[in-house]
Amino acid sequence: MDEKRNGLGFATSALSLGSWNTWDRMDFEDAVRLIRHAVDSGVTLFDVAHYDMGPHAEQSRTDLLFGEAVRAAGINRDEYQLCGKLWLWDYPNTGFAEQLDTSFDRVGVDRAEAVVVGDYFERPDIPRIVTEVAEQIGLGRFDVWGVNNWHAPDLDLALEFAAREGLPAPRFAQLKYSVARRSMAEGSFYGKHFSAGTLTLQASDVFEGGVLLGKTPERKIGADPGGIRESIRAAAARVAAVAEDFGVSSSQLALAFCLAYEPVANVLFGVSRMAQLEDNLGAVELAASRGAEVRAALEDLWLDRSVAADGTF
C-alpha cells in the first residue's frame with residue numbers, strides 16, 4: 001500500500017492510523033509490531049492526541065504508548081508523519097503553545113506535520129484561533145492545520161480572516177464520513193470549499209466505532225449526531241452482503257467507499273489487531289479499481305440526510 005496523496009497540504013499516505021482508544025487497547029508488543037508493519041506498508045500518518053479536555057477528559061495513555069511503541073519499533077522520526085490535536089474545550093484558558101508542549105512531550109517529539117483544531121461547545125474567537133495557529137506555525141511547531149467538525153459559518157470566517165490577514169488558512173477538514181454519514185462532507189456548506197480546492201477531506205469514524213461492521217463495541221465510541229446509530233446498526237447486514245458481492249470484507253468496502261470520494265485526501269481509522277490492519281490495506285486497491293462501483297452499490301445507505309449539514313447538530 002504505497003499510494004500517496006497531497007491534499008492535506010503535504011504528501012502523505014491515503015490511509016492513516018488514529019490514537020483514540022487504539023494503542024491502549026492492545027498489548028504493548030503487539031502495538032510495536034503493528035506500528036512497524038504499518039510504516040513498512042506505507043501507512044505513514046498517525047493521528048495522535050492527548051485526551052484531557054471536555055468530553056475527552058479521560059487521561060488516556062494512548063499517546064504515551066504510541067511514542068514508546070514507535071521508539072521500541074526502531075522507527076525514525078523521518079519515517080512517519082504526525083497529526084496532532086489542539087482542543088477548544090478550554091480555549092483560550094489553555095492556549096495552543098501549552099497544549100503543544102504537553103502533547104509533544106508525551107509523544108517524545110518536538111514538532112508535528114499537521115494539527116487538527118476542534119471541537120467546541122460555544123463559538124470561540126475565530127480570529128484569535130487563526131492568529132495563534134499562525135504563531136505556532138511560524139515557530140516551526142507544525143506546517144499545516146485543519147478543523148474538526150466546525151460549524152460552517154465559523155469555518156467561513158476562519159478562511160476569510162486568514163486570507164485578509166495573509167495568515168495560514170486551514171487546509172483540510174477532519175469530519176465524520178462513512179457509507180452512512182455523508183451530510184456534512186457532501187453537503188453544500190463544506191462542499192463549496194472542497195469543490196473550490198480550498199479544503200480537502202480527512203474522513204474519520206468511518207466504521208462508526210465498529211457498528212457499521214456489525215460489531216457491538218463495549219468501549220467508548222464517537223458521538224451520534226442525529227441519533228441514527230440504530231439505523232446504522234441495522235444497515236451493517238446490507239454492507240456485509242454488498243461486500244460479499246465484491247468478494248471483500250466489510251471494512252475494505254467501507255474504506256474504499258470513502259477513498260473513492262474525490263475530496264478525500266486521507267482516511268483515518270483505528271485497529272487493535274494485525275489482521276485488521278492487513279485487511280484494511282486492501283481498500284486502496286479496491287478504491288482504485290472499482291471505487292465508482294462501490295459507491296454506486298452503497299448509494300442508498302446515506303442515512304443522515306436529515307442531520308444538519310452545517311455542523312449545528
# chains A, B, ... in the order shown; residues from 1 in each chain; ligands from 1
>>> select_by_dssp(residues="range 21-226 of chain A", states="strand (DSSP E)", output="list of chain:residue names")
A:Leu45, A:Phe46, A:Asp47, A:Gln81, A:Leu82, A:Cys83, A:Gly84, A:Lys85, A:Leu86, A:Ala114, A:Val115, A:Val116, A:Val117, A:Val144, A:Trp145, A:Gly146, A:Val147, A:Asn148, A:Phe172, A:Ala173, A:Gln174, A:Leu175, A:Lys176, A:Thr200, A:Leu201, A:Gln202, A:Ala203, A:Ser204
>>> residues_around(residues="range 180-194 of chain A", least_positions_apart="5", cutoff="9 Å", atoms="only C-alpha atoms", output="mmCIF file with all heavy atoms, in the first residue's frame")
data_model
loop_
_atom_site.group_PDB
_atom_site.id
_atom_site.type_symbol
_atom_site.label_atom_id
_atom_site.label_comp_id
_atom_site.auth_asym_id
_atom_site.auth_seq_id
_atom_site.Cartn_x
_atom_site.Cartn_y
_atom_site.Cartn_z
ATOM 1 N N ASN A 149 -15.062 19.282 12.672
ATOM 2 C CA ASN A 149 -16.478 19.469 12.981
ATOM 3 C C ASN A 149 -16.832 20.900 13.380
ATOM 4 O O ASN A 149 -17.671 21.121 14.247
ATOM 5 C CB ASN A 149 -16.929 18.494 14.079
ATOM 6 C CG ASN A 149 -16.867 17.052 13.626
ATOM 7 O OD1 ASN A 149 -17.035 16.759 12.446
ATOM 8 N ND2 ASN A 149 -16.622 16.152 14.557
ATOM 9 N N ALA A 152 -20.191 25.575 10.004
ATOM 10 C CA ALA A 152 -19.800 26.115 8.706
ATOM 11 C C ALA A 152 -19.528 27.618 8.719
ATOM 12 O O ALA A 152 -18.547 28.074 8.121
ATOM 13 C CB ALA A 152 -20.859 25.767 7.668
ATOM 14 N N PRO A 153 -20.352 28.454 9.381
ATOM 15 C CA PRO A 153 -20.045 29.893 9.401
ATOM 16 C C PRO A 153 -18.705 30.205 10.074
ATOM 17 O O PRO A 153 -18.029 31.162 9.688
ATOM 18 C CB PRO A 153 -21.213 30.496 10.185
ATOM 19 C CG PRO A 153 -22.327 29.514 10.023
ATOM 20 C CD PRO A 153 -21.667 28.173 10.017
ATOM 21 N N LEU A 155 -16.047 28.198 10.054
ATOM 22 C CA LEU A 155 -15.038 27.848 9.066
ATOM 23 C C LEU A 155 -14.914 28.943 8.015
ATOM 24 O O LEU A 155 -13.795 29.345 7.645
ATOM 25 C CB LEU A 155 -15.398 26.519 8.406
ATOM 26 C CG LEU A 155 -14.560 26.115 7.192
ATOM 27 C CD1 LEU A 155 -13.093 25.961 7.552
ATOM 28 C CD2 LEU A 155 -15.092 24.827 6.569
ATOM 29 N N PHE A 172 -7.498 21.458 5.517
ATOM 30 C CA PHE A 172 -8.347 20.274 5.425
ATOM 31 C C PHE A 172 -9.351 20.270 6.566
ATOM 32 O O PHE A 172 -9.202 21.008 7.551
ATOM 33 C CB PHE A 172 -7.506 18.993 5.433
ATOM 34 C CG PHE A 172 -6.731 18.740 6.702
ATOM 35 C CD1 PHE A 172 -7.228 17.912 7.692
ATOM 36 C CD2 PHE A 172 -5.485 19.335 6.900
ATOM 37 C CE1 PHE A 172 -6.506 17.680 8.855
ATOM 38 C CE2 PHE A 172 -4.752 19.110 8.061
ATOM 39 C CZ PHE A 172 -5.272 18.277 9.042
ATOM 40 N N ALA A 173 -10.384 19.465 6.409
ATOM 41 C CA ALA A 173 -11.389 19.271 7.451
ATOM 42 C C ALA A 173 -11.448 17.806 7.807
ATOM 43 O O ALA A 173 -11.598 16.946 6.925
ATOM 44 C CB ALA A 173 -12.754 19.750 6.967
ATOM 45 N N LEU A 175 -13.709 15.229 9.274
ATOM 46 C CA LEU A 175 -15.138 15.081 9.519
ATOM 47 C C LEU A 175 -15.519 13.613 9.618
ATOM 48 O O LEU A 175 -14.889 12.753 8.997
ATOM 49 C CB LEU A 175 -15.946 15.696 8.366
ATOM 50 C CG LEU A 175 -15.733 17.169 8.029
ATOM 51 C CD1 LEU A 175 -16.538 17.527 6.777
ATOM 52 C CD2 LEU A 175 -16.140 18.053 9.201
ATOM 53 N N LEU A 199 -10.217 23.368 0.567
ATOM 54 C CA LEU A 199 -10.054 22.342 1.592
ATOM 55 C C LEU A 199 -10.103 20.965 0.954
ATOM 56 O O LEU A 199 -10.694 20.785 -0.114
ATOM 57 C CB LEU A 199 -11.173 22.410 2.635
ATOM 58 C CG LEU A 199 -11.300 23.599 3.564
ATOM 59 C CD1 LEU A 199 -12.539 23.431 4.427
ATOM 60 C CD2 LEU A 199 -10.062 23.759 4.435
ATOM 61 N N THR A 200 -9.511 20.009 1.650
ATOM 62 C CA THR A 200 -9.736 18.607 1.340
ATOM 63 C C THR A 200 -10.325 17.943 2.588
ATOM 64 O O THR A 200 -10.400 18.554 3.655
ATOM 65 C CB THR A 200 -8.449 17.892 0.930
ATOM 66 O OG1 THR A 200 -7.480 18.036 1.981
ATOM 67 C CG2 THR A 200 -7.894 18.455 -0.359
ATOM 68 N N LEU A 201 -10.720 16.709 2.419
ATOM 69 C CA LEU A 201 -11.419 15.987 3.486
ATOM 70 C C LEU A 201 -10.547 14.883 4.055
ATOM 71 O O LEU A 201 -9.976 14.082 3.307
ATOM 72 C CB LEU A 201 -12.714 15.389 2.923
ATOM 73 C CG LEU A 201 -13.523 14.455 3.828
ATOM 74 C CD1 LEU A 201 -14.007 15.179 5.078
ATOM 75 C CD2 LEU A 201 -14.712 13.880 3.052
ATOM 76 N N ALA A 203 -11.375 11.789 6.243
ATOM 77 C CA ALA A 203 -12.520 11.028 6.736
ATOM 78 C C ALA A 203 -12.170 10.342 8.044
ATOM 79 O O ALA A 203 -11.145 9.670 8.154
ATOM 80 C CB ALA A 203 -12.937 9.989 5.700
ATOM 81 N N VAL A 206 -14.997 6.178 10.244
ATOM 82 C CA VAL A 206 -15.547 5.572 9.025
ATOM 83 C C VAL A 206 -16.286 4.265 9.294
ATOM 84 O O VAL A 206 -17.091 3.825 8.464
ATOM 85 C CB VAL A 206 -14.446 5.343 7.973
ATOM 86 C CG1 VAL A 206 -13.865 6.672 7.527
ATOM 87 C CG2 VAL A 206 -13.343 4.434 8.503
ATOM 88 N N GLU A 208 -17.996 3.842 12.259
ATOM 89 C CA GLU A 208 -18.945 4.141 13.353
ATOM 90 C C GLU A 208 -18.588 3.336 14.602
ATOM 91 O O GLU A 208 -19.429 2.728 15.266
ATOM 92 C CB GLU A 208 -20.379 3.835 12.914
ATOM 93 C CG GLU A 208 -21.453 4.381 13.834
ATOM 94 C CD GLU A 208 -21.710 5.870 13.701
ATOM 95 O OE1 GLU A 208 -21.229 6.495 12.723
ATOM 96 O OE2 GLU A 208 -22.411 6.429 14.575
ATOM 97 N N LEU A 212 -20.886 -0.125 12.023
ATOM 98 C CA LEU A 212 -21.141 -0.331 10.599
ATOM 99 C C LEU A 212 -20.655 -1.691 10.118
ATOM 100 O O LEU A 212 -21.108 -2.193 9.087
ATOM 101 C CB LEU A 212 -20.464 0.782 9.788
ATOM 102 C CG LEU A 212 -20.788 0.853 8.296
ATOM 103 C CD1 LEU A 212 -22.262 1.177 8.061
ATOM 104 C CD2 LEU A 212 -19.907 1.894 7.610
ATOM 105 N N SER A 231 -30.040 2.898 13.177
ATOM 106 C CA SER A 231 -30.226 2.701 11.741
ATOM 107 C C SER A 231 -28.939 2.199 11.098
ATOM 108 O O SER A 231 -28.971 1.354 10.181
ATOM 109 C CB SER A 231 -30.663 4.007 11.080
ATOM 110 O OG SER A 231 -31.920 4.425 11.562
ATOM 111 N N ILE A 232 -27.807 2.709 11.576
ATOM 112 C CA ILE A 232 -26.519 2.248 11.057
ATOM 113 C C ILE A 232 -26.286 0.793 11.455
ATOM 114 O O ILE A 232 -25.811 -0.018 10.648
ATOM 115 C CB ILE A 232 -25.384 3.151 11.574
ATOM 116 C CG1 ILE A 232 -25.540 4.568 11.013
ATOM 117 C CG2 ILE A 232 -24.023 2.584 11.198
ATOM 118 C CD1 ILE A 232 -24.543 5.571 11.526
ATOM 119 N N ALA A 235 -28.061 -1.344 9.185
ATOM 120 C CA ALA A 235 -27.504 -1.345 7.830
ATOM 121 C C ALA A 235 -26.273 -2.230 7.692
ATOM 122 O O ALA A 235 -25.830 -2.507 6.565
ATOM 123 C CB ALA A 235 -27.148 0.080 7.418
ATOM 124 N N GLU A 262 -13.896 12.013 -4.288
ATOM 125 C CA GLU A 262 -12.810 12.848 -4.796
ATOM 126 C C GLU A 262 -12.212 13.807 -3.771
ATOM 127 O O GLU A 262 -10.991 13.973 -3.716
ATOM 128 C CB GLU A 262 -13.271 13.631 -6.026
ATOM 129 C CG GLU A 262 -12.162 14.410 -6.697
ATOM 130 C CD GLU A 262 -12.609 15.063 -7.987
ATOM 131 O OE1 GLU A 262 -13.776 14.867 -8.386
ATOM 132 O OE2 GLU A 262 -11.790 15.773 -8.602
ATOM 133 N N PRO A 263 -12.996 14.485 -2.917
ATOM 134 C CA PRO A 263 -12.378 15.409 -1.964
ATOM 135 C C PRO A 263 -11.534 14.736 -0.877
ATOM 136 O O PRO A 263 -10.799 15.424 -0.159
ATOM 137 C CB PRO A 263 -13.579 16.115 -1.332
ATOM 138 C CG PRO A 263 -14.674 15.990 -2.339
ATOM 139 C CD PRO A 263 -14.463 14.632 -2.947
ATOM 140 N N LEU A 298 -23.650 1.317 -2.753
ATOM 141 C CA LEU A 298 -23.993 1.713 -1.387
ATOM 142 C C LEU A 298 -24.716 3.059 -1.324
ATOM 143 O O LEU A 298 -24.969 3.574 -0.237
ATOM 144 C CB LEU A 298 -22.720 1.784 -0.535
ATOM 145 C CG LEU A 298 -21.978 0.456 -0.356
ATOM 146 C CD1 LEU A 298 -20.591 0.688 0.234
ATOM 147 C CD2 LEU A 298 -22.768 -0.497 0.528
ATOM 148 N N ASP A 300 -27.702 4.064 -1.539
ATOM 149 C CA ASP A 300 -28.962 4.172 -0.797
ATOM 150 C C ASP A 300 -28.780 4.099 0.713
ATOM 151 O O ASP A 300 -29.747 4.253 1.456
ATOM 152 C CB ASP A 300 -29.938 3.077 -1.244
ATOM 153 C CG ASP A 300 -29.417 1.680 -0.968
ATOM 154 O OD1 ASP A 300 -28.221 1.423 -1.251
ATOM 155 O OD2 ASP A 300 -30.183 0.847 -0.469
ATOM 156 N N LEU A 301 -27.552 3.872 1.190
ATOM 157 C CA LEU A 301 -27.317 3.779 2.634
ATOM 158 C C LEU A 301 -26.886 5.117 3.248
ATOM 159 O O LEU A 301 -26.369 5.140 4.368
ATOM 160 C CB LEU A 301 -26.270 2.695 2.938
ATOM 161 C CG LEU A 301 -26.754 1.259 2.752
ATOM 162 C CD1 LEU A 301 -25.679 0.273 3.192
ATOM 163 C CD2 LEU A 301 -28.044 1.001 3.534
ATOM 164 N N TRP A 302 -27.096 6.197 2.548
ATOM 165 C CA TRP A 302 -26.879 7.533 3.126
ATOM 166 C C TRP A 302 -27.991 7.750 4.152
ATOM 167 O O TRP A 302 -29.119 8.039 3.814
ATOM 168 C CB TRP A 302 -26.932 8.566 2.017
ATOM 169 C CG TRP A 302 -26.656 9.976 2.436
ATOM 170 C CD1 TRP A 302 -26.682 10.513 3.691
ATOM 171 C CD2 TRP A 302 -26.317 11.059 1.556
ATOM 172 N NE1 TRP A 302 -26.389 11.842 3.664
ATOM 173 C CE2 TRP A 302 -26.160 12.210 2.372
ATOM 174 C CE3 TRP A 302 -26.148 11.176 0.186
ATOM 175 C CZ2 TRP A 302 -25.836 13.460 1.827
ATOM 176 C CZ3 TRP A 302 -25.819 12.411 -0.358
ATOM 177 C CH2 TRP A 302 -25.659 13.548 0.459
ATOM 178 N N LEU A 303 -27.644 7.645 5.442
ATOM 179 C CA LEU A 303 -28.659 7.598 6.494
ATOM 180 C C LEU A 303 -28.801 8.890 7.294
ATOM 181 O O LEU A 303 -29.713 8.996 8.114
ATOM 182 C CB LEU A 303 -28.354 6.441 7.456
ATOM 183 C CG LEU A 303 -28.296 5.048 6.818
ATOM 184 C CD1 LEU A 303 -27.955 4.002 7.869
ATOM 185 C CD2 LEU A 303 -29.615 4.710 6.140
ATOM 186 N N ASP A 304 -27.936 9.839 7.082
ATOM 187 C CA ASP A 304 -28.020 11.072 7.889
ATOM 188 C C ASP A 304 -28.470 12.274 7.060
ATOM 189 O O ASP A 304 -28.108 13.412 7.334
ATOM 190 C CB ASP A 304 -26.689 11.374 8.581
ATOM 191 C CG ASP A 304 -25.601 11.822 7.624
ATOM 192 O OD1 ASP A 304 -25.703 11.501 6.413
ATOM 193 O OD2 ASP A 304 -24.649 12.487 8.073
ATOM 194 N N ARG A 305 -29.298 12.046 6.067
ATOM 195 C CA ARG A 305 -29.760 13.135 5.212
ATOM 196 C C ARG A 305 -30.502 14.210 6.005
ATOM 197 O O ARG A 305 -30.511 15.380 5.633
ATOM 198 C CB ARG A 305 -30.681 12.593 4.116
ATOM 199 C CG ARG A 305 -29.971 11.744 3.070
ATOM 200 C CD ARG A 305 -30.936 11.263 2.011
ATOM 201 N NE ARG A 305 -30.326 10.349 1.075
ATOM 202 C CZ ARG A 305 -29.696 10.706 -0.034
ATOM 203 N NH1 ARG A 305 -29.593 11.991 -0.332
ATOM 204 N NH2 ARG A 305 -29.173 9.800 -0.852
ATOM 205 N N SER A 306 -31.134 13.827 7.106
ATOM 206 C CA SER A 306 -31.895 14.802 7.893
ATOM 207 C C SER A 306 -31.049 15.520 8.938
ATOM 208 O O SER A 306 -31.537 16.413 9.623
ATOM 209 C CB SER A 306 -33.070 14.094 8.601
ATOM 210 O OG SER A 306 -32.589 13.135 9.519
ATOM 211 N N VAL A 307 -29.781 15.146 9.059
ATOM 212 C CA VAL A 307 -28.875 15.783 10.035
ATOM 213 C C VAL A 307 -28.294 17.044 9.406
ATOM 214 O O VAL A 307 -27.901 17.045 8.242
ATOM 215 C CB VAL A 307 -27.756 14.808 10.454
ATOM 216 C CG1 VAL A 307 -26.811 15.480 11.439
ATOM 217 C CG2 VAL A 307 -28.352 13.546 11.068
ATOM 218 N N ALA A 308 -28.230 18.104 10.175
ATOM 219 C CA ALA A 308 -27.758 19.409 9.660
ATOM 220 C C ALA A 308 -26.380 19.284 9.040
ATOM 221 O O ALA A 308 -25.427 18.810 9.672
ATOM 222 C CB ALA A 308 -27.737 20.434 10.780
ATOM 223 N N ALA A 309 -26.263 19.733 7.805
ATOM 224 C CA ALA A 309 -25.007 19.627 7.078
ATOM 225 C C ALA A 309 -24.032 20.716 7.434
ATOM 226 O O ALA A 309 -22.862 20.670 7.034
ATOM 227 C CB ALA A 309 -25.284 19.661 5.573
ATOM 228 N N ASP A 310 -24.456 21.727 8.207
ATOM 229 C CA ASP A 310 -23.571 22.834 8.568
ATOM 230 C C ASP A 310 -22.868 22.623 9.904
ATOM 231 O O ASP A 310 -22.174 23.507 10.399
ATOM 232 C CB ASP A 310 -24.336 24.158 8.591
ATOM 233 C CG ASP A 310 -25.423 24.199 9.656
ATOM 234 O OD1 ASP A 310 -25.675 23.163 10.302
ATOM 235 O OD2 ASP A 310 -26.035 25.266 9.821
ATOM 236 N N GLY A 311 -23.047 21.443 10.500
ATOM 237 C CA GLY A 311 -22.359 21.124 11.757
ATOM 238 C C GLY A 311 -23.064 21.619 12.995
ATOM 239 O O GLY A 311 -22.510 21.517 14.101
#
>>> atom_distance(atom1="CA of Asp24 in chain A", atom2="CA of Thr62 in chain A")
5.1 Å
>>> residues_around(residues="Ala162 in chain A", least_positions_apart="3", cutoff="12 Å", atoms="only C-alpha atoms", output="PyMOL selection string")
chain A and resi 126-134+155-159+165-171
>>> select_by_dssp(residues="range 33-198 of chain A", states="alpha helix (DSSP H)", output="ChimeraX atom specification")
/A:33-40,62-72,96-107,126-138,152-165,183-186,188-196
>>> atom_distance(atom1="CA of Gly42 in chain A", atom2="CA of Phe246 in chain A")
24.5 Å
>>> residues_around(residues="Thr22 in chain A", least_positions_apart="6", cutoff="12 Å", atoms="only C-alpha atoms", output="ChimeraX atom specification")
/A:28,30-31,34-35,46-49,60-66,209,219-221,269-273
>>> residues_around(residues="Tyr120 in chain A", least_positions_apart="6", cutoff="10 Å", atoms="only C-alpha atoms", output="mmCIF file with N, CA, C and O atoms, in the first residue's frame")
data_model
loop_
_atom_site.group_PDB
_atom_site.id
_atom_site.type_symbol
_atom_site.label_atom_id
_atom_site.label_comp_id
_atom_site.auth_asym_id
_atom_site.auth_seq_id
_atom_site.Cartn_x
_atom_site.Cartn_y
_atom_site.Cartn_z
ATOM 1 N N GLY A 54 -12.752 18.494 28.014
ATOM 2 C CA GLY A 54 -14.131 18.328 27.578
ATOM 3 C C GLY A 54 -14.617 16.895 27.715
ATOM 4 O O GLY A 54 -14.338 16.222 28.726
ATOM 5 N N TRP A 87 -7.239 21.332 21.191
ATOM 6 C CA TRP A 87 -8.631 21.326 21.640
ATOM 7 C C TRP A 87 -9.110 22.733 21.963
ATOM 8 O O TRP A 87 -8.358 23.579 22.456
ATOM 9 N N LEU A 88 -10.393 22.973 21.726
ATOM 10 C CA LEU A 88 -11.000 24.266 22.022
ATOM 11 C C LEU A 88 -11.933 24.212 23.228
ATOM 12 O O LEU A 88 -12.578 25.208 23.544
ATOM 13 N N TRP A 89 -12.014 23.071 23.888
ATOM 14 C CA TRP A 89 -12.927 22.937 25.026
ATOM 15 C C TRP A 89 -12.606 23.966 26.111
ATOM 16 O O TRP A 89 -13.518 24.521 26.730
ATOM 17 N N ASP A 90 -11.321 24.211 26.368
ATOM 18 C CA ASP A 90 -10.916 25.134 27.427
ATOM 19 C C ASP A 90 -10.112 26.309 26.866
ATOM 20 O O ASP A 90 -9.353 26.946 27.576
ATOM 21 N N TYR A 91 -10.287 26.561 25.593
ATOM 22 C CA TYR A 91 -9.564 27.658 24.945
ATOM 23 C C TYR A 91 -10.308 28.973 25.179
ATOM 24 O O TYR A 91 -11.545 28.990 25.137
ATOM 25 N N ASN A 148 -11.920 20.391 12.848
ATOM 26 C CA ASN A 148 -12.668 19.175 13.166
ATOM 27 C C ASN A 148 -14.090 19.536 13.577
ATOM 28 O O ASN A 148 -14.307 20.087 14.662
ATOM 29 N N ASN A 149 -15.062 19.282 12.672
ATOM 30 C CA ASN A 149 -16.478 19.469 12.981
ATOM 31 C C ASN A 149 -16.832 20.900 13.380
ATOM 32 O O ASN A 149 -17.671 21.121 14.247
ATOM 33 N N TRP A 150 -16.223 21.873 12.744
ATOM 34 C CA TRP A 150 -16.589 23.262 13.000
ATOM 35 C C TRP A 150 -17.930 23.570 12.356
ATOM 36 O O TRP A 150 -18.278 23.020 11.307
ATOM 37 N N HIS A 151 -18.675 24.478 12.978
ATOM 38 C CA HIS A 151 -19.869 24.991 12.326
ATOM 39 C C HIS A 151 -19.432 25.728 11.052
ATOM 40 O O HIS A 151 -18.435 26.454 11.048
#
